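**Q** Provided herewith is a single structure, encoded as structure tokens, for subsequent inquiry.
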Amino acid sequence: QVRLMESGGGLVQPGGSLRLSCRASGIDFANIAVGWYRQAPGKERELVAMANRGGGADYGSFAKGRFTISRDNAGNTVNLEMNSMEPEDTAVYYCHAQLDFSELWGQGTQVTVSS
């Protein structure tokens with residue numbers, strides 16, 4: 001079955017940290033770009049971070065210096081470490097895979113930053 005399964009969302013206090021994980025199945029994981037997007041209420045979906053198949057990564061401007069993406073090709077997993085979190089980071093976070101001719105999305109996981 002082709003799918004992406006996210007885990008790790010939840011409630012975190014400002015300044016805290018959270019780790020998201022996404023496990024892929026049914027796709028050629030090692031040879032595609034995989035990453036994370038987010039969507040806050042009333043806003044468009046935006047790129048958080050993308051791990052390219054060649055080993056590099058791209059980040060949204062807000063994520064640079066605070067978030068780190070990593071991939072484990074053997075485990076078909078992409079992780080997102082989020083540090084120094086702010087209330088503005090509150091959103092639904094979606095795992096994303098860029099296939100050859102289409103995109104694959106996870107169901108999303110809620111992240112709430114609040115005291």
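Following the order of the structure tokens, first chain is A, next is B, and so on, with residues numbered from 1 inside each chain and ligands from 1 in the order they appear.
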So which residues touch Thr112 of chain A within 12 Å, counting only C-alpha atoms, skipping near sequence neighbours fewer than 3 positions away, as a PDB file with C-alpha atoms, in the first residue's frame?
**A**
```
ATOM      1  CA  GLY A   8       4.892  12.839  16.877  1.00  0.00           C
ATOM      2  CA  GLY A   9       2.593  15.834  16.860  1.00  0.00           C
ATOM      3  CA  GLY A  10       1.130  17.326  20.002  1.00  0.00           C
ATOM      4  CA  LEU A  11       1.253  20.232  22.417  1.00  0.00           C
ATOM      5  CA  VAL A  12       4.542  21.934  23.294  1.00  0.00           C
ATOM      6  CA  GLN A  13       5.343  25.077  25.250  1.00  0.00           C
ATOM      7  CA  PRO A  14       7.025  28.075  23.609  1.00  0.00           C
ATOM      8  CA  GLY A  16      10.292  23.753  23.576  1.00  0.00           C
ATOM      9  CA  SER A  17      11.120  20.997  21.123  1.00  0.00           C
ATOM     10  CA  LEU A  18       9.195  18.394  19.201  1.00  0.00           C
ATOM     11  CA  ARG A  38       2.553  22.857   7.223  1.00  0.00           C
ATOM     12  CA  GLN A  39      -0.737  24.717   7.109  1.00  0.00           C
ATOM     13  CA  ALA A  40      -1.990  27.062   9.789  1.00  0.00           C
ATOM     14  CA  PRO A  41      -5.656  28.101  10.028  1.00  0.00           C
ATOM     15  CA  MET A  85       9.339  26.570  18.934  1.00  0.00           C
ATOM     16  CA  GLU A  86       7.040  29.578  18.754  1.00  0.00           C
ATOM     17  CA  PRO A  87       3.262  29.970  18.837  1.00  0.00           C
ATOM     18  CA  GLU A  88       3.492  30.844  15.140  1.00  0.00           C
ATOM     19  CA  ASP A  89       4.630  27.266  14.502  1.00  0.00           C
ATOM     20  CA  THR A  90       1.145  26.028  15.389  1.00  0.00           C
ATOM     21  CA  ALA A  91      -0.207  24.218  12.337  1.00  0.00           C
ATOM     22  CA  VAL A  92      -1.047  20.865  10.821  1.00  0.00           C
ATOM     23  CA  TYR A  93       2.199  19.334   9.571  1.00  0.00           C
ATOM     24  CA  THR A 109      -0.444  15.775  12.394  1.00  0.00           C
ATOM     25  CA  SER A 115       1.692  27.839  27.276  1.00  0.00           C
TER      26      SER A 115
END
```
**Q** Tell me, which residues of chain A carry DSSP strand (DSSP E or B), written as a ChimeraX atom specification?
**A** /A:3-7,10-12,18-25,33-39,46-51,57-59,67-72,77-82,91-98,103-105,109-113
**Q** With only C-alpha atoms as the counted atoms, please give the residues lying no more than 9 Å from Phe29 of chain A, apart from itself and same-chain residues fewer than 5 positions off, as number ranges by chain.
**A** A: 24, 34, 53, 73-74, 76-77, 97
**Q** Distance atom CA of Arg3 of chain A-atom CA of Leu104 of chain A, one decimal place?
**A**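 Computed distance, atom CA of Arg3 of chain A to atom CA of Leu104 of chain A, equals 7.3 Å.
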**Q** Find the spatial neighbours of Met50 of chain A, counting only C-alpha atoms, within a cut-off of 8 Å - ignore same-chain residues fewer than 4 positions away - and output them as a VMD selection string.
**A** chain A and resid 33 to 36 57 to 59 69
**Q** Nearest residue to Ile32 of chain A out of A:Asp100, A:Glu81, A:Glu44, A:Glu6, using only C-alpha atoms?
**A**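 Going through A:Asp100, A:Glu81, A:Glu44, A:Glu6 one by one, the smallest distance to Ile32 of chain A is for A:Asp100.
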**Q** Just the number, please: distance in Å from atom CA of Phe67 of chain A to atom CA of Ala49 of chain A, one decimal.
**A** 8.1 Å
**Q** What separation in Å, quoted to one decimal, exists between atom CA of Gly65 of chain A and atom CA of Ser7 of chain A?
**A** 22.6 Å
**Q** Compile the contact shell of Gln1 of chain A as a PyMOL selection string: residues with an atom at most 10 Å away, counting only C-alpha atoms, same-chain residues fewer than 6 positions apart removed.
**A** chain A and resi 24-27
